[in-house]
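Enquirer: Coordinates in start10.txt, compact mmCIF, C-alpha atoms and all ligand atoms, are listed below.
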# COMPACT_ATOMS: atom_id res chain seq x y z
CA MET Y 1 -107.38 -0.46 1.78
CA ASN Y 2 -110.96 -0.69 2.92
CA THR Y 3 -113.39 -1.50 0.17
CA LYS Y 4 -116.48 -3.59 -0.20
CA SER Y 5 -114.54 -6.31 -1.98
CA GLU Y 6 -111.78 -6.53 0.60
CA ASP Y 7 -111.13 -9.85 2.34
CA TRP Y 8 -110.15 -9.31 5.99
CA TRP Y 9 -110.35 -10.63 9.55
CA LEU Y 10 -111.85 -9.17 12.67
CA ASP Y 11 -109.77 -10.52 15.57
CA ARG Y 12 -110.37 -10.68 19.33
CA VAL Y 13 -114.03 -9.75 18.92
CA SER Y 14 -116.53 -10.67 21.60
CA LEU Y 15 -119.54 -12.61 20.25
CA GLU Y 16 -122.61 -13.37 22.34
CA ALA Y 17 -123.37 -17.09 22.48
CA ALA Y 18 -126.19 -17.57 24.99
CA VAL Y 19 -127.89 -16.10 28.02
CA VAL Y 20 -127.91 -18.55 30.94
CA GLN Y 21 -129.64 -18.38 34.28
CA ARG Y 22 -127.47 -18.94 37.34
CA ALA Y 23 -128.54 -20.78 40.49
CA ASP Y 24 -129.23 -17.45 42.24
CA GLY Y 25 -131.69 -16.47 39.48
CA ALA Y 26 -129.46 -13.90 37.74
CA TYR Y 27 -129.14 -14.01 33.97
CA GLU Y 28 -125.67 -13.95 32.50
CA THR Y 29 -124.59 -13.64 28.86
CA GLN Y 30 -121.89 -16.02 27.70
CA VAL Y 31 -119.49 -14.61 25.12
CA ASP Y 32 -116.63 -16.00 23.07
CA SER Y 33 -113.52 -14.08 22.06
CA SER Y 34 -113.59 -14.93 18.38
CA ALA Y 35 -112.40 -14.30 14.85
CA VAL Y 36 -114.71 -13.27 12.00
CA ARG Y 37 -113.75 -13.09 8.32
CA ILE Y 38 -115.43 -10.64 5.97
CA GLU Y 39 -115.31 -10.75 2.19
CA GLY Y 40 -117.28 -8.81 -0.37
CA GLY Y 41 -119.33 -7.07 2.32
CA VAL Y 42 -120.50 -10.38 3.80
CA ILE Y 43 -119.46 -12.43 6.82
CA VAL Y 44 -117.91 -15.60 5.37
CA ASP Y 45 -116.38 -17.32 8.41
CA VAL Y 46 -117.10 -17.21 12.14
CA ARG Y 47 -114.56 -18.94 14.38
CA ARG Y 48 -115.86 -18.87 17.93
CA GLY Y 49 -113.24 -19.02 20.65
CA GLU Y 50 -110.38 -18.82 18.15
CA ARG Y 51 -107.78 -16.29 17.03
CA VAL Y 52 -107.25 -15.42 13.39
CA PRO Y 53 -105.01 -17.75 11.37
CA ALA Y 54 -101.80 -16.32 9.91
CA ASP Y 55 -103.04 -16.31 6.32
CA GLY Y 56 -101.76 -12.92 5.17
CA ARG Y 57 -105.16 -11.22 5.17
CA ARG Y 58 -105.51 -7.81 6.84
CA VAL Y 59 -106.49 -8.04 10.51
CA PHE Y 60 -108.60 -5.54 12.45
CA ASP Y 61 -108.02 -5.99 16.19
CA ALA Y 62 -111.33 -5.47 18.04
CA GLY Y 63 -109.46 -5.49 21.35
CA GLY Y 64 -112.17 -7.53 23.06
CA MET Y 65 -115.03 -5.21 22.18
CA LEU Y 66 -118.53 -6.61 21.64
CA LEU Y 67 -119.87 -7.09 18.11
CA MET Y 68 -123.39 -5.68 17.77
CA PRO Y 69 -125.57 -5.88 14.65
CA ALA Y 70 -126.10 -2.51 12.92
CA MET Y 71 -129.35 -0.73 13.72
CA ARG Y 72 -131.99 0.05 11.07
CA ASP Y 73 -134.15 3.13 11.33
CA THR Y 74 -137.45 2.14 9.78
CA HIS Y 75 -139.16 5.54 9.95
CA ILE Y 76 -137.38 8.85 9.64
CA HIS Y 77 -138.04 12.19 7.93
CA LEU Y 78 -134.58 13.04 6.60
CA ASP Y 79 -135.97 15.83 4.41
CA LYS Y 80 -137.49 17.90 7.23
CA THR Y 81 -134.96 17.99 10.04
CA PHE Y 82 -133.45 21.18 11.44
CA TYR Y 83 -130.35 19.20 12.47
CA GLY Y 84 -127.31 20.48 10.61
CA GLY Y 85 -128.79 23.99 10.61
CA PRO Y 86 -129.30 26.68 13.26
CA TRP Y 87 -131.05 25.71 16.48
CA ARG Y 88 -134.76 26.44 16.53
CA ALA Y 89 -137.57 25.19 18.74
CA PRO Y 90 -141.27 24.94 17.83
CA ILE Y 91 -143.32 28.14 18.22
CA PRO Y 92 -145.98 27.64 20.91
CA GLY Y 93 -149.59 27.58 19.77
CA ARG Y 94 -148.81 27.16 16.07
CA SER Y 95 -150.53 24.42 14.08
CA TRP Y 96 -147.57 22.33 13.00
CA LEU Y 97 -149.08 21.41 9.62
CA ALA Y 98 -149.61 25.11 8.82
CA GLU Y 99 -146.10 25.80 10.07
CA GLU Y 100 -144.78 23.06 7.82
CA GLU Y 101 -146.54 24.60 4.78
CA ARG Y 102 -144.83 27.89 5.61
CA LEU Y 103 -141.35 26.42 6.12
CA LEU Y 104 -141.29 23.63 3.50
CA PRO Y 105 -139.71 25.65 0.67
CA GLU Y 106 -136.86 26.78 2.94
CA MET Y 107 -136.42 23.30 4.46
CA SER Y 108 -136.38 21.74 1.01
CA GLU Y 109 -133.47 23.97 -0.05
CA GLN Y 110 -131.50 22.71 2.96
CA ILE Y 111 -131.86 18.99 2.18
CA PRO Y 112 -128.33 18.54 0.78
CA VAL Y 113 -126.82 19.87 4.01
CA ARG Y 114 -129.23 18.66 6.66
CA SER Y 115 -130.06 15.18 5.42
CA ASN Y 116 -126.35 14.47 5.07
CA ALA Y 117 -125.79 15.78 8.61
CA ILE Y 118 -128.53 13.62 10.11
CA LEU Y 119 -127.26 10.56 8.22
CA ASP Y 120 -123.78 11.19 9.64
CA LEU Y 121 -125.30 11.32 13.12
CA LEU Y 122 -127.31 8.11 12.63
CA ILE Y 123 -124.28 6.24 11.29
CA SER Y 124 -122.14 7.41 14.21
CA ARG Y 125 -124.76 5.78 16.46
CA GLY Y 126 -124.57 2.45 14.63
CA THR Y 127 -127.49 2.79 12.18
CA THR Y 128 -126.65 1.87 8.59
CA GLU Y 129 -130.13 1.32 7.11
CA VAL Y 130 -132.94 3.86 6.83
CA ALA Y 131 -136.50 3.99 5.53
CA ALA Y 132 -137.02 7.67 4.71
CA HIS Y 133 -140.54 9.05 4.53
CA CYS Y 134 -140.12 11.94 2.12
CA ASN Y 135 -142.73 14.64 1.56
CA VAL Y 136 -144.66 14.68 -1.71
CA ASP Y 137 -147.17 17.50 -1.53
CA HIS Y 138 -148.79 20.56 -3.13
CA ILE Y 139 -145.98 22.80 -1.87
CA VAL Y 140 -142.73 21.10 -2.87
CA GLY Y 141 -144.16 18.64 -5.40
CA THR Y 142 -141.45 16.00 -5.86
CA ARG Y 143 -138.51 18.33 -5.14
CA ASN Y 144 -137.82 16.76 -1.73
CA VAL Y 145 -137.72 13.29 -3.27
CA GLU Y 146 -135.35 14.46 -6.00
CA ARG Y 147 -133.02 16.20 -3.54
CA LEU Y 148 -133.06 13.37 -1.02
CA LEU Y 149 -132.39 10.75 -3.71
CA ASP Y 150 -129.38 12.82 -4.86
CA VAL Y 151 -128.03 12.71 -1.31
CA LEU Y 152 -128.71 9.01 -0.76
CA ARG Y 153 -127.28 7.97 -4.12
CA SER Y 154 -124.08 9.87 -3.33
CA ARG Y 155 -123.44 7.77 -0.20
CA ALA Y 156 -122.14 4.22 0.05
CA ASP Y 157 -122.30 4.09 3.85
CA VAL Y 158 -126.02 3.45 4.26
CA ASP Y 159 -128.78 1.27 2.77
CA TRP Y 160 -131.97 3.15 2.11
CA THR Y 161 -135.60 3.05 1.00
CA VAL Y 162 -137.53 6.18 0.06
CA ILE Y 163 -141.24 6.33 0.80
CA ALA Y 164 -143.23 8.87 -1.24
CA TYR Y 165 -145.19 10.36 1.62
CA PRO Y 166 -148.27 12.58 1.12
CA GLN Y 167 -147.94 14.37 4.46
CA HIS Y 168 -150.76 16.80 3.58
CA GLY Y 169 -153.07 14.13 2.16
CA LEU Y 170 -154.08 13.21 -1.37
CA ARG Y 171 -156.04 16.49 -1.67
CA ASP Y 172 -158.88 15.23 -3.87
CA GLY Y 173 -156.44 13.16 -5.90
CA THR Y 174 -154.31 16.12 -7.00
CA VAL Y 175 -151.26 14.65 -5.23
CA VAL Y 176 -151.61 11.26 -6.97
CA PRO Y 177 -149.70 12.26 -10.16
CA LEU Y 178 -146.91 13.58 -7.91
CA LEU Y 179 -146.73 10.25 -6.08
CA GLU Y 180 -146.50 8.46 -9.44
CA GLN Y 181 -143.71 10.82 -10.44
CA ALA Y 182 -141.89 10.09 -7.17
CA LEU Y 183 -142.14 6.34 -7.85
CA GLY Y 184 -140.66 6.95 -11.29
CA LEU Y 185 -137.75 8.87 -9.73
CA GLY Y 186 -136.73 6.09 -7.35
CA ALA Y 187 -139.10 5.94 -4.39
CA THR Y 188 -140.18 2.32 -3.96
CA VAL Y 189 -142.92 2.66 -1.36
CA VAL Y 190 -146.19 4.63 -1.46
CA GLY Y 191 -146.96 6.43 1.78
CA GLY Y 192 -150.34 7.25 3.21
CA ILE Y 193 -151.78 9.23 6.09
CA ASP Y 194 -154.85 8.86 8.33
CA PRO Y 195 -157.43 7.79 5.72
CA ALA Y 196 -160.29 9.00 7.95
CA ARG Y 197 -159.19 12.20 9.71
CA ILE Y 198 -156.97 13.62 6.95
CA GLU Y 199 -158.44 12.08 3.78
CA GLY Y 200 -162.06 12.04 4.94
CA ASP Y 201 -163.00 8.89 3.01
CA VAL Y 202 -161.30 5.69 4.19
CA ALA Y 203 -162.35 3.38 1.34
CA LYS Y 204 -161.55 5.93 -1.35
CA ALA Y 205 -158.12 6.77 0.08
CA LEU Y 206 -157.18 3.10 0.47
CA ASP Y 207 -158.44 2.33 -3.02
CA VAL Y 208 -156.16 5.02 -4.48
CA THR Y 209 -153.11 4.02 -2.40
CA PHE Y 210 -153.39 0.28 -3.03
CA GLY Y 211 -154.18 0.96 -6.70
CA LEU Y 212 -150.97 2.97 -7.05
CA ALA Y 213 -148.89 0.38 -5.23
CA VAL Y 214 -150.21 -2.56 -7.25
CA GLU Y 215 -149.79 -0.68 -10.54
CA HIS Y 216 -146.17 0.21 -9.73
CA GLY Y 217 -145.23 -2.94 -7.80
CA ALA Y 218 -144.50 -0.76 -4.77
CA GLY Y 219 -144.76 -1.30 -1.04
CA ILE Y 220 -147.09 0.75 1.17
CA ASP Y 221 -146.45 2.50 4.49
CA PHE Y 222 -149.32 4.28 6.28
CA HIS Y 223 -148.91 6.91 8.97
CA LEU Y 224 -151.79 6.18 11.35
CA HIS Y 225 -152.27 8.63 14.19
CA ASP Y 226 -156.01 8.21 14.80
CA GLY Y 227 -156.75 6.53 18.12
CA GLY Y 228 -159.75 4.68 19.49
CA SER Y 229 -162.34 2.94 17.37
CA LEU Y 230 -161.62 5.17 14.35
CA GLY Y 231 -157.97 4.09 14.28
CA LEU Y 232 -158.89 0.44 14.84
CA TYR Y 233 -161.37 0.64 11.96
CA GLU Y 234 -158.64 2.06 9.69
CA ILE Y 235 -156.29 -0.81 10.58
CA SER Y 236 -159.04 -3.34 9.93
CA LYS Y 237 -159.85 -1.75 6.55
CA ILE Y 238 -156.17 -1.72 5.57
CA LEU Y 239 -155.95 -5.43 6.42
CA HIS Y 240 -159.00 -6.04 4.26
CA PHE Y 241 -157.28 -4.28 1.32
CA VAL Y 242 -154.03 -6.22 1.90
CA GLU Y 243 -155.95 -9.48 1.74
CA ALA Y 244 -158.03 -8.40 -1.27
CA THR Y 245 -155.03 -7.21 -3.33
CA GLY Y 246 -152.64 -10.00 -2.30
CA TRP Y 247 -150.23 -7.38 -0.92
CA GLN Y 248 -149.18 -9.54 2.06
CA GLY Y 249 -145.62 -8.80 3.21
CA LYS Y 250 -145.53 -5.45 1.40
CA VAL Y 251 -147.39 -3.17 3.80
CA ALA Y 252 -146.23 -1.39 6.96
CA LEU Y 253 -148.09 0.70 9.51
CA SER Y 254 -146.26 3.60 11.13
CA ASN Y 255 -147.34 4.65 14.61
CA ALA Y 256 -150.64 2.69 14.63
CA ASN Y 257 -151.52 4.56 17.81
CA ALA Y 258 -154.96 2.93 18.08
CA LEU Y 259 -153.33 -0.37 19.08
CA SER Y 260 -151.88 1.32 22.16
CA GLY Y 261 -155.20 1.98 23.85
CA ALA Y 262 -157.16 -1.06 22.64
CA SER Y 263 -158.46 -3.86 24.85
CA PRO Y 264 -156.37 -7.06 25.05
CA ASP Y 265 -159.02 -9.01 23.10
CA THR Y 266 -159.11 -6.45 20.28
CA VAL Y 267 -155.31 -6.35 20.15
CA ARG Y 268 -155.10 -10.15 19.99
CA VAL Y 269 -157.54 -10.40 17.07
CA LEU Y 270 -155.87 -7.59 15.11
CA ALA Y 271 -152.37 -8.88 15.93
CA GLU Y 272 -153.24 -12.29 14.49
CA ARG Y 273 -154.52 -10.65 11.29
CA LEU Y 274 -151.44 -8.39 11.06
CA ALA Y 275 -149.14 -11.41 11.46
CA ALA Y 276 -151.07 -13.46 8.88
CA ALA Y 277 -150.91 -10.57 6.37
CA ARG Y 278 -147.21 -9.98 7.27
CA VAL Y 279 -147.96 -6.31 7.92
CA SER Y 280 -145.15 -4.81 10.01
CA VAL Y 281 -145.68 -2.09 12.58
CA GLY Y 282 -143.20 0.74 13.04
CA THR Y 283 -143.10 2.87 16.14
CA THR Y 284 -141.05 5.46 17.97
CA VAL Y 285 -140.60 4.92 21.67
CA GLY Y 286 -140.31 8.07 23.74
CA VAL Y 287 -140.13 8.81 27.44
CA SER Y 288 -143.89 9.37 27.36
CA GLY Y 289 -146.72 8.94 24.89
CA PRO Y 290 -148.43 5.84 23.55
CA LEU Y 291 -146.66 2.52 23.80
CA LEU Y 292 -147.60 -0.34 21.50
CA PRO Y 293 -148.68 -3.62 23.14
CA PHE Y 294 -145.24 -5.13 22.42
CA ALA Y 295 -145.85 -8.42 24.25
CA ALA Y 296 -149.14 -9.20 22.48
CA LEU Y 297 -147.75 -8.26 19.07
CA ALA Y 298 -144.64 -10.39 19.65
CA GLU Y 299 -146.73 -13.33 20.79
CA ALA Y 300 -148.76 -13.20 17.56
CA GLY Y 301 -145.58 -12.94 15.50
CA VAL Y 302 -146.01 -9.35 14.28
CA ASP Y 303 -142.79 -7.72 13.09
CA VAL Y 304 -142.42 -4.55 15.19
CA ARG Y 305 -139.67 -2.10 14.25
CA LEU Y 306 -138.29 1.10 15.74
CA GLY Y 307 -137.69 4.35 13.93
CA SER Y 308 -136.79 7.94 14.78
CA ASP Y 309 -139.77 9.52 12.94
CA SER Y 310 -139.67 13.29 13.50
CA ILE Y 311 -136.32 14.40 14.73
CA MET Y 312 -135.22 17.90 15.73
CA ASP Y 313 -137.82 19.49 13.46
CA ILE Y 314 -141.06 21.51 13.49
CA LEU Y 315 -142.80 18.93 15.68
CA THR Y 316 -140.08 18.33 18.22
CA PRO Y 317 -136.72 19.85 19.09
CA PHE Y 318 -135.75 16.45 20.55
CA GLY Y 319 -134.81 13.11 19.01
CA PRO Y 320 -131.36 11.66 19.53
CA GLY Y 321 -131.03 9.90 16.16
CA ASP Y 322 -129.92 6.92 18.19
CA LEU Y 323 -131.81 3.62 18.11
CA VAL Y 324 -129.75 2.20 20.98
CA GLU Y 325 -131.11 5.08 23.05
CA GLN Y 326 -134.63 4.10 21.98
CA LEU Y 327 -133.94 0.53 23.11
CA TRP Y 328 -132.75 2.00 26.42
CA ILE Y 329 -136.10 3.80 26.80
CA LEU Y 330 -138.09 0.80 25.53
CA ALA Y 331 -136.50 -1.59 28.03
CA GLN Y 332 -137.43 0.78 30.85
CA ARG Y 333 -140.99 1.30 29.64
CA LEU Y 334 -141.46 -2.47 29.29
CA GLY Y 335 -140.12 -2.98 32.81
CA ALA Y 336 -137.21 -5.05 31.47
CA TYR Y 337 -134.54 -4.73 34.13
CA ASP Y 338 -132.78 -8.12 34.11
CA GLU Y 339 -130.13 -9.05 31.58
CA TRP Y 340 -132.38 -11.40 29.57
CA GLY Y 341 -135.25 -8.91 29.50
CA ILE Y 342 -133.05 -6.09 28.20
CA ALA Y 343 -131.32 -8.35 25.66
CA GLN Y 344 -134.67 -9.29 24.15
CA THR Y 345 -135.34 -5.69 23.06
CA LEU Y 346 -132.36 -5.80 20.66
CA HIS Y 347 -134.25 -7.05 17.60
CA TYR Y 348 -136.64 -4.08 17.66
CA GLY Y 349 -133.65 -1.94 16.62
CA ALA Y 350 -131.47 -4.45 14.76
CA GLY Y 351 -134.03 -6.70 13.08
CA GLU Y 352 -133.49 -10.45 12.70
CA ALA Y 353 -129.76 -10.17 13.51
CA GLY Y 354 -130.77 -9.06 17.00
CA ARG Y 355 -133.34 -11.77 17.65
CA TRP Y 356 -132.78 -14.36 20.38
CA ARG Y 357 -134.14 -17.88 20.07
CA ALA Y 358 -136.44 -19.32 22.73
CA ASP Y 359 -133.47 -21.31 24.12
CA ARG Y 360 -131.68 -17.97 24.67
CA THR Y 361 -129.09 -18.47 21.93
CA ARG Y 362 -128.49 -16.27 18.88
CA ALA Y 363 -128.11 -17.22 15.22
CA TRP Y 364 -126.14 -14.04 14.43
CA PRO Y 365 -123.43 -13.68 13.32
CA ALA Y 366 -123.20 -16.52 10.82
CA ALA Y 367 -121.56 -17.05 7.45
CA GLY Y 368 -123.73 -15.40 4.80
CA ASP Y 369 -124.90 -12.50 7.01
CA GLN Y 370 -124.38 -8.97 5.72
CA ALA Y 371 -121.27 -7.47 7.37
CA SER Y 372 -123.02 -4.46 8.92
CA PHE Y 373 -122.21 -4.09 12.60
CA PHE Y 374 -120.49 -1.98 15.21
CA LEU Y 375 -117.96 -2.52 17.98
CA THR Y 376 -118.70 -1.23 21.46
CA PRO Y 377 -116.96 -1.56 24.84
CA ALA Y 378 -119.61 -3.72 26.53
CA THR Y 379 -119.71 -7.25 27.92
CA CYS Y 380 -123.10 -8.04 26.36
CA SER Y 381 -125.94 -6.41 24.40
CA ALA Y 382 -127.92 -5.79 27.60
CA GLU Y 383 -125.04 -3.67 28.90
CA ALA Y 384 -124.66 -1.92 25.54
CA ILE Y 385 -128.35 -0.94 25.73
CA ALA Y 386 -128.58 -0.15 29.46
CA ARG Y 387 -125.40 1.93 29.49
CA ARG Y 388 -125.68 3.22 25.91
CA THR Y 389 -122.01 2.40 25.44
CA PRO Y 390 -120.20 4.37 22.71
CA ARG Y 391 -120.18 3.03 19.17
CA ARG Y 392 -116.41 2.98 18.52
CA HIS Y 393 -116.26 1.50 15.02
CA VAL Y 394 -119.21 1.18 12.66
CA PHE Y 395 -119.05 -1.04 9.57
CA HIS Y 396 -121.47 -1.17 6.65
CA ARG Y 397 -121.25 -4.08 4.22
CA GLY Y 398 -117.72 -4.80 5.35
CA VAL Y 399 -116.44 -1.23 5.09
CA GLN Y 400 -115.66 0.96 8.10
CA VAL Y 401 -117.97 3.98 7.87
CA TYR Y 402 -117.40 5.58 11.25
CA ALA Y 403 -114.63 5.60 13.83
CA GLY Y 404 -113.92 7.75 16.81
CA LYS Y 405 -115.74 10.04 19.12
CA ASP Y 406 -119.47 10.69 19.18
CA LEU Y 407 -120.69 13.46 16.87
ZN ZN Y 501 -143.49 10.13 10.37
Let me see the structure of the file written as structure tokens.
Expert:
Amino acid sequence: MNTKSEDWWLDRVSLEAAVVQRADGAYETQVDSSAVRIEGGVIVDVRRGERVPADGRRVFDAGGMLLMPAMRDTHIHLDKTFYGGPWRAPIPGRSWLAEEERLLPEMSEQIPVRSNAILDLLISRGTTEVAAHCNVDHIVGTRNVERLLDVLRSRADVDWTVIAYPQHGLRDGTVVPLLEQALGLGATVVGGIDPARIEGDVAKALDVTFGLAVEHGAGIDFHLHDGGSLGLYEISKILHFVEATGWQGKVALSNANALSGASPDTVRVLAERLAAARVSVGTTVGVSGPLLPFAALAEAGVDVRLGSDSIMDILTPFGPGDLVEQLWILAQRLGAYDEWGIAQTLHYGAGEAGRWRADRTRAWPAAGDQASFFLTPATCSAEAIARRTPRRHVFHRGVQVYAGKDL
């Protein structure tokens, strides 16, 4: 029996307690071999340093493995991946947007197979929550949203949000009725794309997007690729609209590349406004390419999240579908080599469950937390990230959703 309502114990599971600094300067994570009880998909009891009581409930023996919070992928295009289909690499010299227009009908047909395959891969890597940017455009209309929603609604092993994403722009407003239709189908967030370079009229594009969101009570998530002063202007205008519409806490920026090249003073001012408006920033960290000013954003209290974005598709044949691997890259790009430095990257992939307090202790796991986590053979989260240790058992809302070898 393994259902959401089941009441069971996790025994001999290693829980991180604190990171301490030794006399020689090295950081060391203290862990407790513990027992954790799960009921109704929620953690209801955490007994640090104890074994399970003999109370007749089912026991899952973690064998000393580390408990890690499940990862959440806050930006992924599940409807456009080639994963799950034949191998193909981008054709050199092709405009990728034109290539996408050509291939969208075929890719759309493949959604039932490929989006399921990529979800299986993500879950096997410990991710059990996704925010899926799904194309709404003049080529497929709302077909991708319909097909993706069918897939997502058929699965109980992942939490999801669908963003109605106008990848090819609003096209003089002709895509707006399609976005409304997508919101009616089950998308809960309105997407947007470069209001200057793609839409050509920043104020008009933002007016339409915020108007739609407010009318439908939806969130907003903008893809912002423009760099330099143009990109910074777009971010500033979006913040103005957030403040004017009272949409604080409901807006996210994806990529926000302009922040990567901005001066420290500009970043500080914008970061304070982003934090005040509770606008989160999503990014993908690769081995090269722009890197957000993580330290400045963290200092201001901006919620920064990682996502896969494009993955094994027209844009890139790469993309591991593994947020722990992104943390591994992020730690290196931030120059985080000691145990405390690496551990502090965890929340970018796992959200609040992965956040360390200033005194180097963790609140997670605690009674009341959602029981979404994985077990991995590591002594601490820094090791799990630095060595990308295998995800042996993945649980979502108290139910085991993956076990065994890597896909
Ligand atoms: Zn994207």
Enquirer: Which residues of chain Y come within 12 Å of ligand ZN 501 (chain Y), and for each one, what is the closest pair of atoms and their distance in Å to one decimal, counting all atoms listed in the file, sorted by chain and residue number, as a Markdown table?
Expert:
| residue | atom | partner | partner_atom | distance |
| --- | --- | --- | --- | --- |
| Y:Asp73 | CA | Y:ZN501 | ZN | 11.7 |
| Y:Thr74 | CA | Y:ZN501 | ZN | 10.0 |
| Y:His75 | CA | Y:ZN501 | ZN | 6.3 |
| Y:Ile76 | CA | Y:ZN501 | ZN | 6.3 |
| Y:His77 | CA | Y:ZN501 | ZN | 6.3 |
| Y:Leu78 | CA | Y:ZN501 | ZN | 10.1 |
| Y:Asp79 | CA | Y:ZN501 | ZN | 11.2 |
| Y:Lys80 | CA | Y:ZN501 | ZN | 10.3 |
| Y:Thr81 | CA | Y:ZN501 | ZN | 11.6 |
| Y:Ala131 | CA | Y:ZN501 | ZN | 10.5 |
| Y:Ala132 | CA | Y:ZN501 | ZN | 8.9 |
| Y:His133 | CA | Y:ZN501 | ZN | 6.6 |
| Y:Cys134 | CA | Y:ZN501 | ZN | 9.1 |
| Y:Asn135 | CA | Y:ZN501 | ZN | 9.9 |
| Y:Ile163 | CA | Y:ZN501 | ZN | 10.5 |
| Y:Ala164 | CA | Y:ZN501 | ZN | 11.7 |
| Y:Tyr165 | CA | Y:ZN501 | ZN | 8.9 |
| Y:Pro166 | CA | Y:ZN501 | ZN | 10.7 |
| Y:Gln167 | CA | Y:ZN501 | ZN | 8.5 |
| Y:His168 | CA | Y:ZN501 | ZN | 12.0 |
| Y:Gly191 | CA | Y:ZN501 | ZN | 10.0 |
| Y:Gly192 | CA | Y:ZN501 | ZN | 10.3 |
| Y:Ile193 | CA | Y:ZN501 | ZN | 9.4 |
| Y:Asp194 | CA | Y:ZN501 | ZN | 11.6 |
| Y:Asp221 | CA | Y:ZN501 | ZN | 10.1 |
| Y:Phe222 | CA | Y:ZN501 | ZN | 9.2 |
| Y:His223 | CA | Y:ZN501 | ZN | 6.5 |
| Y:Leu224 | CA | Y:ZN501 | ZN | 9.2 |
| Y:His225 | CA | Y:ZN501 | ZN | 9.7 |
| Y:Leu253 | CA | Y:ZN501 | ZN | 10.5 |
| Y:Ser254 | CA | Y:ZN501 | ZN | 7.1 |
| Y:Asn255 | CA | Y:ZN501 | ZN | 7.9 |
| Y:Ala256 | CA | Y:ZN501 | ZN | 11.2 |
| Y:Gly282 | CA | Y:ZN501 | ZN | 9.8 |
| Y:Thr283 | CA | Y:ZN501 | ZN | 9.3 |
| Y:Thr284 | CA | Y:ZN501 | ZN | 9.2 |
| Y:Leu306 | CA | Y:ZN501 | ZN | 11.7 |
| Y:Gly307 | CA | Y:ZN501 | ZN | 8.9 |
| Y:Ser308 | CA | Y:ZN501 | ZN | 8.3 |
| Y:Asp309 | CA | Y:ZN501 | ZN | 4.6 |
| Y:Ser310 | CA | Y:ZN501 | ZN | 5.9 |
| Y:Ile311 | CA | Y:ZN501 | ZN | 9.4 |
| Y:Asp313 | CA | Y:ZN501 | ZN | 11.4 |
| Y:Leu315 | CA | Y:ZN501 | ZN | 10.3 |
| Y:Thr316 | CA | Y:ZN501 | ZN | 11.9 |
Enquirer: Could you give me, as a compact mmCIF listing (two decimals) with C-alpha atoms, keeping the file's coordinate frame, the residues within 12 Å of segment 99-111 of chain Y, counting only C-alpha atoms and dropping anything in the same chain fewer than 2 positions from it?
Expert:
# COMPACT_ATOMS: atom_id res chain seq x y z
CA HIS Y 77 -138.04 12.19 7.93
CA LEU Y 78 -134.58 13.04 6.60
CA ASP Y 79 -135.97 15.83 4.41
CA LYS Y 80 -137.49 17.90 7.23
CA THR Y 81 -134.96 17.99 10.04
CA PHE Y 82 -133.45 21.18 11.44
CA TYR Y 83 -130.35 19.20 12.47
CA GLY Y 84 -127.31 20.48 10.61
CA GLY Y 85 -128.79 23.99 10.61
CA PRO Y 86 -129.30 26.68 13.26
CA PRO Y 90 -141.27 24.94 17.83
CA ILE Y 91 -143.32 28.14 18.22
CA PRO Y 92 -145.98 27.64 20.91
CA GLY Y 93 -149.59 27.58 19.77
CA ARG Y 94 -148.81 27.16 16.07
CA SER Y 95 -150.53 24.42 14.08
CA TRP Y 96 -147.57 22.33 13.00
CA LEU Y 97 -149.08 21.41 9.62
CA VAL Y 113 -126.82 19.87 4.01
CA ARG Y 114 -129.23 18.66 6.66
CA SER Y 115 -130.06 15.18 5.42
CA ASN Y 116 -126.35 14.47 5.07
CA ALA Y 117 -125.79 15.78 8.61
CA ILE Y 118 -128.53 13.62 10.11
CA LEU Y 119 -127.26 10.56 8.22
CA CYS Y 134 -140.12 11.94 2.12
CA ASN Y 135 -142.73 14.64 1.56
CA VAL Y 136 -144.66 14.68 -1.71
CA ASP Y 137 -147.17 17.50 -1.53
CA HIS Y 138 -148.79 20.56 -3.13
CA ILE Y 139 -145.98 22.80 -1.87
CA VAL Y 140 -142.73 21.10 -2.87
CA GLY Y 141 -144.16 18.64 -5.40
CA THR Y 142 -141.45 16.00 -5.86
CA ARG Y 143 -138.51 18.33 -5.14
CA ASN Y 144 -137.82 16.76 -1.73
CA VAL Y 145 -137.72 13.29 -3.27
CA GLU Y 146 -135.35 14.46 -6.00
CA ARG Y 147 -133.02 16.20 -3.54
CA LEU Y 148 -133.06 13.37 -1.02
CA LEU Y 149 -132.39 10.75 -3.71
CA ASP Y 150 -129.38 12.82 -4.86
CA VAL Y 151 -128.03 12.71 -1.31
CA LEU Y 152 -128.71 9.01 -0.76
CA GLN Y 167 -147.94 14.37 4.46
CA HIS Y 168 -150.76 16.80 3.58
CA ASP Y 313 -137.82 19.49 13.46
CA ILE Y 314 -141.06 21.51 13.49
CA LEU Y 315 -142.80 18.93 15.68
Enquirer: In Å, with one decimal, what is the gap from atom CA of Asp359 of chain Y to atom CA of Ala343 of chain Y?
Expert: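 Computed distance, atom CA of Asp359 of chain Y to atom CA of Ala343 of chain Y, equals 13.2 Å.
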Enquirer: Using only C-alpha atoms, which of the listed residues (Y:Pro377, Y:Pro365, Y:Gly246, Y:Gly349) sits closest to Val36 of chain Y?
Expert: Y:Pro365
Enquirer: Provide the atom CA of Thr209 of chain Y to atom CA of Val175 of chain Y distance in Å, to one decimal place.
Expert: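 Distance reported for this atom pair: 11.2 Å.
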Enquirer: Quick one: distance from atom CA of Val399 of chain Y to atom CA of Arg305 of chain Y in Å, one decimal?
Expert: 25.0 Å
Enquirer: For Thr379 of chain Y, which residue among Y:Pro177, Y:Val285, Y:Ala54, Y:Glu339 is the nearest when counting only C-alpha atoms?
Expert: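 Checking each candidate against Thr379 of chain Y, we get Y:Glu339 as the closest.
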